[in-house]
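Participant: If it helps, the file is called upload_32.txt and holds compact mmCIF, C-alpha atoms:
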```
# COMPACT_ATOMS: atom_id res chain seq x y z
CA MET A 1 13.10 -16.89 -13.15
CA ASN A 2 10.12 -18.11 -15.14
CA PRO A 3 8.26 -15.48 -17.19
CA PRO A 4 4.76 -14.61 -15.97
CA SER A 5 1.91 -16.60 -17.41
CA ALA A 6 -0.15 -15.03 -20.16
CA SER A 7 -3.11 -14.56 -17.83
CA ASN A 8 -1.02 -12.68 -15.28
CA ALA A 9 0.90 -10.66 -17.85
CA ASP A 10 -2.11 -9.55 -19.87
CA ALA A 11 -4.70 -8.74 -17.19
CA PHE A 12 -4.65 -6.33 -14.29
CA ALA A 13 -7.15 -5.94 -11.47
CA LEU A 14 -7.78 -2.29 -10.55
CA THR A 15 -9.66 -1.24 -7.44
CA PRO A 16 -11.24 2.22 -7.07
CA ILE A 17 -9.66 4.27 -4.29
CA GLY A 18 -12.60 6.68 -4.18
CA ARG A 19 -15.73 7.97 -5.86
CA ILE A 20 -16.78 11.40 -7.10
CA GLU A 21 -19.74 13.41 -5.79
CA SER A 22 -20.29 15.87 -8.61
CA ASP A 23 -22.31 18.81 -9.91
CA TYR A 24 -22.87 16.66 -13.03
CA PRO A 25 -25.52 13.98 -12.41
CA ASP A 26 -25.80 13.19 -16.17
CA LYS A 27 -23.27 12.86 -18.98
CA PHE A 28 -25.00 15.41 -21.22
CA GLY A 29 -23.59 18.86 -20.67
CA ILE A 30 -20.30 17.87 -19.03
CA PRO A 31 -17.51 19.96 -20.61
CA ARG A 32 -15.38 17.79 -22.84
CA GLN A 33 -12.20 18.80 -21.04
CA PRO A 34 -11.41 19.84 -17.45
CA GLY A 35 -10.93 23.50 -16.63
CA LEU A 36 -13.60 24.79 -19.03
CA ALA A 37 -16.14 25.27 -16.22
CA PRO A 38 -14.21 26.50 -13.15
CA ALA A 39 -17.46 26.80 -11.16
CA ALA A 40 -18.02 23.05 -11.32
CA ARG A 41 -17.62 21.56 -7.84
CA ALA A 42 -16.84 17.99 -6.88
CA ARG A 43 -15.94 16.01 -3.81
CA LEU A 44 -13.66 12.98 -4.07
CA VAL A 45 -14.47 10.66 -1.17
CA LEU A 46 -11.77 8.07 -0.56
CA LEU A 47 -12.87 4.52 0.17
CA PRO A 48 -11.49 2.18 2.86
CA PRO A 49 -8.66 1.33 3.31
CA TYR A 50 -7.42 4.33 1.30
CA ASP A 51 -9.28 6.85 3.49
CA ASP A 52 -6.44 7.05 6.00
CA PRO A 53 -5.44 10.74 6.47
CA LEU A 54 -1.83 9.63 6.21
CA SER A 55 -2.42 8.84 2.52
CA VAL A 56 -2.88 12.54 1.68
CA ARG A 57 -0.25 14.03 3.98
CA GLY A 58 1.51 16.83 2.06
CA LEU A 59 -1.12 16.98 -0.70
CA GLU A 60 -2.30 20.40 0.49
CA ALA A 61 0.94 21.87 -0.88
CA PHE A 62 -0.24 21.24 -4.46
CA SER A 63 -2.86 23.34 -6.26
CA HIS A 64 -3.80 20.81 -8.96
CA LEU A 65 -4.10 17.05 -9.23
CA TRP A 66 -4.20 14.41 -11.92
CA LEU A 67 -7.05 11.94 -11.44
CA THR A 68 -7.09 8.59 -13.22
CA PHE A 69 -10.66 7.34 -13.50
CA VAL A 70 -13.04 4.97 -15.29
CA PHE A 71 -15.67 6.10 -17.80
CA HIS A 72 -18.13 3.91 -15.93
CA HIS A 73 -21.19 4.91 -17.98
CA SER A 74 -19.51 4.24 -21.32
CA PRO A 75 -20.08 0.91 -23.10
CA GLU A 76 -17.31 -1.67 -22.90
CA ARG A 77 -17.24 -1.99 -26.69
CA TRP A 78 -14.82 0.22 -28.57
CA SER A 79 -13.93 1.10 -32.16
CA PRO A 80 -10.55 1.92 -33.71
CA LEU A 81 -12.13 5.02 -35.28
CA VAL A 82 -14.11 7.74 -33.47
CA ARG A 83 -15.78 11.04 -34.40
CA PRO A 84 -14.41 13.89 -32.22
CA PRO A 85 -16.93 16.70 -31.60
CA ARG A 86 -14.19 19.23 -32.37
CA LEU A 87 -14.24 17.96 -35.98
CA GLY A 88 -17.99 18.43 -36.27
CA GLY A 89 -18.97 14.91 -35.31
CA ASN A 90 -18.44 13.55 -38.85
CA ALA A 91 -14.69 13.25 -39.52
CA LYS A 92 -13.03 10.17 -38.05
CA VAL A 93 -9.66 9.77 -36.32
CA GLY A 94 -8.06 6.87 -34.52
CA VAL A 95 -9.25 6.29 -30.97
CA PHE A 96 -5.71 6.81 -29.66
CA ALA A 97 -5.58 10.19 -31.45
CA SER A 98 -8.61 11.31 -29.45
CA ARG A 99 -9.91 11.67 -25.92
CA SER A 100 -13.05 9.68 -26.67
CA THR A 101 -14.78 7.94 -23.76
CA HIS A 102 -15.16 4.81 -25.93
CA ARG A 103 -11.72 3.35 -25.25
CA PRO A 104 -10.43 -0.22 -24.88
CA ASN A 105 -9.99 0.12 -21.10
CA ARG A 106 -12.36 3.10 -20.53
CA LEU A 107 -9.64 4.97 -18.64
CA GLY A 108 -9.75 8.74 -18.30
CA LEU A 109 -7.30 11.36 -17.05
CA SER A 110 -8.47 14.68 -15.62
CA LEU A 111 -6.58 17.70 -14.30
CA VAL A 112 -8.52 19.28 -11.43
CA GLU A 113 -7.96 22.07 -8.93
CA LEU A 114 -7.65 21.07 -5.28
CA LYS A 115 -9.66 23.47 -3.10
CA GLY A 116 -9.44 21.72 0.25
CA ILE A 117 -8.94 18.47 2.16
CA ASP A 118 -11.42 17.18 4.76
CA THR A 119 -10.04 14.58 7.18
CA ASP A 120 -12.66 14.87 9.92
CA ASN A 121 -14.31 11.57 8.99
CA GLY A 122 -12.12 9.63 6.57
CA VAL A 123 -10.73 11.65 3.65
CA ALA A 124 -12.52 13.81 1.09
CA LEU A 125 -10.92 16.17 -1.42
CA GLU A 126 -12.80 19.31 -2.49
CA LEU A 127 -12.27 19.93 -6.21
CA SER A 128 -13.23 22.45 -8.87
CA GLY A 129 -12.99 22.83 -12.64
CA HIS A 130 -13.54 19.13 -13.21
CA ASP A 131 -15.26 17.13 -15.97
CA LEU A 132 -16.38 14.13 -13.91
CA LEU A 133 -19.77 12.46 -13.75
CA ASP A 134 -21.33 11.88 -10.33
CA GLY A 135 -20.28 8.44 -9.06
CA THR A 136 -17.12 8.23 -11.18
CA PRO A 137 -14.67 5.62 -9.78
CA ILE A 138 -11.22 7.12 -9.16
CA LEU A 139 -8.25 4.79 -9.57
CA ASP A 140 -5.34 7.07 -8.65
CA ILE A 141 -4.33 10.58 -7.59
CA LYS A 142 -1.07 12.28 -8.51
CA PRO A 143 0.12 15.85 -7.90
CA TYR A 144 0.44 18.05 -10.98
CA LEU A 145 3.95 19.42 -11.58
CA PRO A 146 3.81 22.44 -13.93
CA TRP A 147 7.55 22.50 -14.57
CA ALA A 148 7.43 18.91 -15.84
CA GLU A 149 4.00 18.67 -17.41
CA ALA A 150 3.21 22.08 -18.94
CA GLN A 151 4.66 22.18 -22.45
CA PRO A 152 3.59 25.46 -24.11
CA ASP A 153 5.32 24.56 -27.40
CA ALA A 154 3.59 21.19 -27.76
CA ARG A 155 1.44 20.55 -30.85
CA ALA A 156 -2.25 19.84 -30.22
CA GLY A 157 -3.41 18.36 -33.53
CA PHE A 158 -7.04 19.07 -34.41
CA ALA A 159 -7.64 20.84 -31.05
CA PRO A 160 -4.96 23.58 -31.00
CA ALA A 161 -6.94 25.89 -28.70
CA ALA A 162 -9.86 25.87 -26.32
CA PRO A 163 -13.24 25.62 -28.09
CA PRO A 164 -15.02 28.91 -28.86
CA GLN A 165 -17.45 30.21 -26.26
CA CYS A 166 -21.13 30.65 -27.06
CA PRO A 167 -22.93 33.67 -25.54
CA VAL A 168 -25.43 32.69 -22.84
CA ALA A 169 -28.46 34.67 -21.67
CA PHE A 170 -30.98 34.04 -18.88
CA CYS A 171 -34.66 34.84 -19.35
CA ALA A 172 -36.56 36.62 -16.57
CA ALA A 173 -38.16 33.40 -15.25
CA ALA A 174 -34.75 31.71 -14.95
CA GLU A 175 -33.28 34.72 -13.16
CA GLU A 176 -36.21 34.70 -10.73
CA THR A 177 -35.63 31.02 -9.92
CA LEU A 178 -31.94 31.65 -9.32
CA SER A 179 -32.64 34.60 -7.02
CA GLN A 180 -34.45 32.28 -4.60
CA ARG A 181 -31.48 29.93 -4.11
CA GLU A 182 -28.67 30.20 -1.57
CA ASP A 183 -26.20 29.04 -4.23
CA ALA A 184 -27.52 31.50 -6.84
CA ALA A 185 -24.14 33.01 -7.74
CA SER A 186 -22.23 29.74 -8.09
CA LEU A 187 -25.10 27.97 -9.88
CA ARG A 188 -25.49 30.84 -12.33
CA ALA A 189 -21.76 30.75 -13.04
CA LEU A 190 -21.86 26.97 -13.52
CA ILE A 191 -24.82 27.16 -15.92
CA GLY A 192 -23.15 29.93 -17.92
CA GLN A 193 -19.82 28.13 -18.16
CA VAL A 194 -21.38 24.79 -19.16
CA LEU A 195 -23.72 26.26 -21.77
CA ALA A 196 -20.93 28.44 -23.17
CA GLN A 197 -19.43 25.17 -24.46
CA ASP A 198 -22.69 24.58 -26.44
CA PRO A 199 -23.35 21.00 -25.26
CA ARG A 200 -25.71 20.24 -28.14
CA PRO A 201 -24.57 17.50 -30.57
CA ALA A 202 -21.90 18.79 -32.94
CA TYR A 203 -24.14 18.37 -35.98
CA ARG A 204 -26.93 20.54 -34.45
CA LYS A 205 -25.21 23.90 -34.39
CA GLY A 206 -26.99 27.14 -35.23
CA ALA A 207 -30.39 28.41 -34.15
CA GLU A 208 -33.25 25.93 -33.76
CA SER A 209 -36.61 25.73 -32.02
CA ARG A 210 -35.88 22.65 -29.93
CA ILE A 211 -35.64 22.98 -26.13
CA TYR A 212 -32.77 21.06 -24.54
CA GLY A 213 -32.32 20.09 -20.90
CA VAL A 214 -29.11 19.62 -18.95
CA ARG A 215 -28.92 18.41 -15.35
CA LEU A 216 -26.67 20.43 -13.05
CA ARG A 217 -26.62 19.90 -9.28
CA ASP A 218 -30.28 19.45 -8.33
CA VAL A 219 -31.88 21.29 -11.25
CA ASP A 220 -32.87 20.71 -14.85
CA VAL A 221 -31.69 23.66 -16.95
CA ARG A 222 -33.78 24.06 -20.09
CA PHE A 223 -32.32 26.12 -22.91
CA ARG A 224 -32.63 26.87 -26.60
CA ALA A 225 -30.46 28.27 -29.37
CA LEU A 226 -31.36 31.65 -30.88
CA ALA A 227 -29.81 33.82 -33.57
CA ASN A 228 -29.05 37.51 -33.07
CA ALA A 229 -29.36 40.23 -35.71
CA ALA A 230 -25.96 39.30 -37.13
CA GLY A 231 -26.98 35.65 -37.46
CA GLU A 232 -24.71 34.52 -34.60
CA THR A 233 -25.96 31.82 -32.27
CA ARG A 234 -26.52 32.36 -28.56
CA LEU A 235 -28.05 30.05 -25.98
CA GLU A 236 -30.90 31.23 -23.78
CA VAL A 237 -31.85 29.63 -20.46
CA VAL A 238 -35.65 29.53 -20.55
CA GLU A 239 -36.36 27.61 -17.34
CA ILE A 240 -34.66 26.16 -14.27
CA VAL A 241 -36.62 23.36 -12.63
CA ALA A 242 -35.77 21.59 -9.37
CA VAL A 243 -35.55 17.78 -9.69
```
Give the structure from this file in C-alpha cells form.
Facilitator:
Amino acid sequence: MNPPSASNADAFALTPIGRIESDYPDKFGIPRQPGLAPAARARLVLLPPYDDPLSVRGLEAFSHLWLTFVFHHSPERWSPLVRPPRLGGNAKVGVFASRSTHRPNRLGLSLVELKGIDTDNGVALELSGHDLLDGTPILDIKPYLPWAEAQPDARAGFAPAAPPQCPVAFCAAAEETLSQREDAASLRALIGQVLAQDPRPAYRKGAESRIYGVRLRDVDVRFRALANAAGETRLEVVEIVAV
C-alpha cells in the first residue's frame, strides 16, 4: 500500500457539527475556564446532517460533556510563547504549556454540564457552566467519564487551584434594573460569578477609577474596582444597560 501523499497526511478538513448560542456575546468577561460561572447558559444547536435525534440517543444519561471547538475570533497567527493571565500577564510559557486561545490550530476543549436535550425541531443541547463565545463552532461532543478523566493527584503547574474570587457588590441603580427583569435571579448570579473572576487585564489589578463594561446576555454591565478599609479590592456594578 502506498503511503498517503504529504497533502493528505498533513491537512485535515473539519466541519462544525453545531454552533453555540451563548450568554457571552463578547470575548471580554468570559471566564478563562469552564465551571467558574455555573449560571452561564448556552444552547448547542446541531447543524444538518448532524441534527438527527438518533445522533444523541443515550446522551441524556450523562451529566457532563466534552466539547471540542474552534476559537473562531482568535487570530490565525500564533507564537511559541504566551503570557498566561494566571502569571500576571508578564511571565511567558510555551503555548503548549498553556490554554491560550492563540494556538496553531485554534482548537479548544471545554467541559460543560448538560441540562437538557431538545429534539422537537432538530437537536439542541441545553448547557450550563460553559466558557464559550456566542457563535462558537463545535467540532465534536463526547461524554465525560469521571472514573477515567478525573485525576485528583495530577499536577497542575502554574495553576494548581481555581483563581481567587473577588467580592462583587451591586449599587442601588443596578439592583433596581435587575428587579424589573424576569431573569433577575439568574442574571444577577451570572454577573456576580463572572465579575468574581475579575475580568480586567492581569496587569490592571487593584482599585482604579476606570469604568469597565462587559456584555452578558442582552445587557452591558458597567463596573469599577474599589478598595475597602483593609485595602482589598472589590468590584462594584454601577450600571446595567440594555443593548
Participant: Do you have the CA of Asp23 (chain A)-CA of Ala40 (chain A) distance handy?
Facilitator: 6.2 Å
Participant: Residues within 8 Å of His64 (chain A), please, as JSON, numbers by chain. Count only C-alpha atoms; anything in the same chain fewer than 2 positions from it doesn't count.
Facilitator: {"A": [62, 66, 111, 112, 113, 114, 143, 144]}
Participant: Between CA of Arg43 (chain A) and CA of Glu21 (chain A), what distance in Å does the model show, to one decimal?
Facilitator: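 That distance, rounded to one decimal, is 5.0 Å.
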Participant: Skip region 212-221 of chain A itself and residues of its chain fewer than 4 positions away, then list as JSON, numbers by chain all residues within 7 Å of it, counting all atoms listed in the file.
Facilitator: {"A": [23, 24, 25, 26, 28, 29, 237, 239, 240, 241, 242, 243]}
Participant: Select, from A:Gln33, A:Ser128, A:Ser74, A:Thr119, the residue with the minimum atom-to-atom distance to His102 (chain A), counting only C-alpha atoms.
Facilitator: A:Ser74
Participant: A:Asn121, A:Ser63, A:Gln193, A:Ser186: which is nearest Asp51 (chain A), counting only C-alpha atoms?
Facilitator: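 The answer is A:Asn121, which sits nearest to Asp51 (chain A).
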Participant: In Å, how far is it from CA of Glu182 (chain A) to CA of Leu46 (chain A)?
Facilitator: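 Pair CA of Glu182 (chain A) / CA of Leu46 (chain A) returns 27.9 Å.
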Participant: Contacts of Gly135 (chain A) at 12 Å or less, counting all atoms listed in the file, minus same-chain residues fewer than 6 places along, as a VMD selection string?
Facilitator: chain A and resid 16 18 to 27 42 to 45 69 to 73
Participant: Would you save the residues of that selection, restricted to C-alpha atoms, as a JSON list (two decimals), in the frame of the given file?
Facilitator:
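Saved file part01.json follows:
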```
[["chain", "number", "residue", "atom", "x", "y", "z"],
["A", 16, "PRO", "CA", -11.24, 2.22, -7.07],
["A", 18, "GLY", "CA", -12.60, 6.68, -4.18],
["A", 19, "ARG", "CA", -15.73, 7.97, -5.86],
["A", 20, "ILE", "CA", -16.78, 11.40, -7.10],
["A", 21, "GLU", "CA", -19.74, 13.41, -5.79],
["A", 22, "SER", "CA", -20.29, 15.87, -8.61],
["A", 23, "ASP", "CA", -22.31, 18.81, -9.91],
["A", 24, "TYR", "CA", -22.87, 16.66, -13.03],
["A", 25, "PRO", "CA", -25.52, 13.98, -12.41],
["A", 26, "ASP", "CA", -25.80, 13.19, -16.17],
["A", 27, "LYS", "CA", -23.27, 12.86, -18.98],
["A", 42, "ALA", "CA", -16.84, 17.99, -6.88],
["A", 43, "ARG", "CA", -15.94, 16.01, -3.81],
["A", 44, "LEU", "CA", -13.66, 12.98, -4.07],
["A", 45, "VAL", "CA", -14.47, 10.66, -1.17],
["A", 69, "PHE", "CA", -10.66, 7.34, -13.50],
["A", 70, "VAL", "CA", -13.04, 4.97, -15.29],
["A", 71, "PHE", "CA", -15.67, 6.10, -17.80],
["A", 72, "HIS", "CA", -18.13, 3.91, -15.93],
["A", 73, "HIS", "CA", -21.19, 4.91, -17.98]]
```
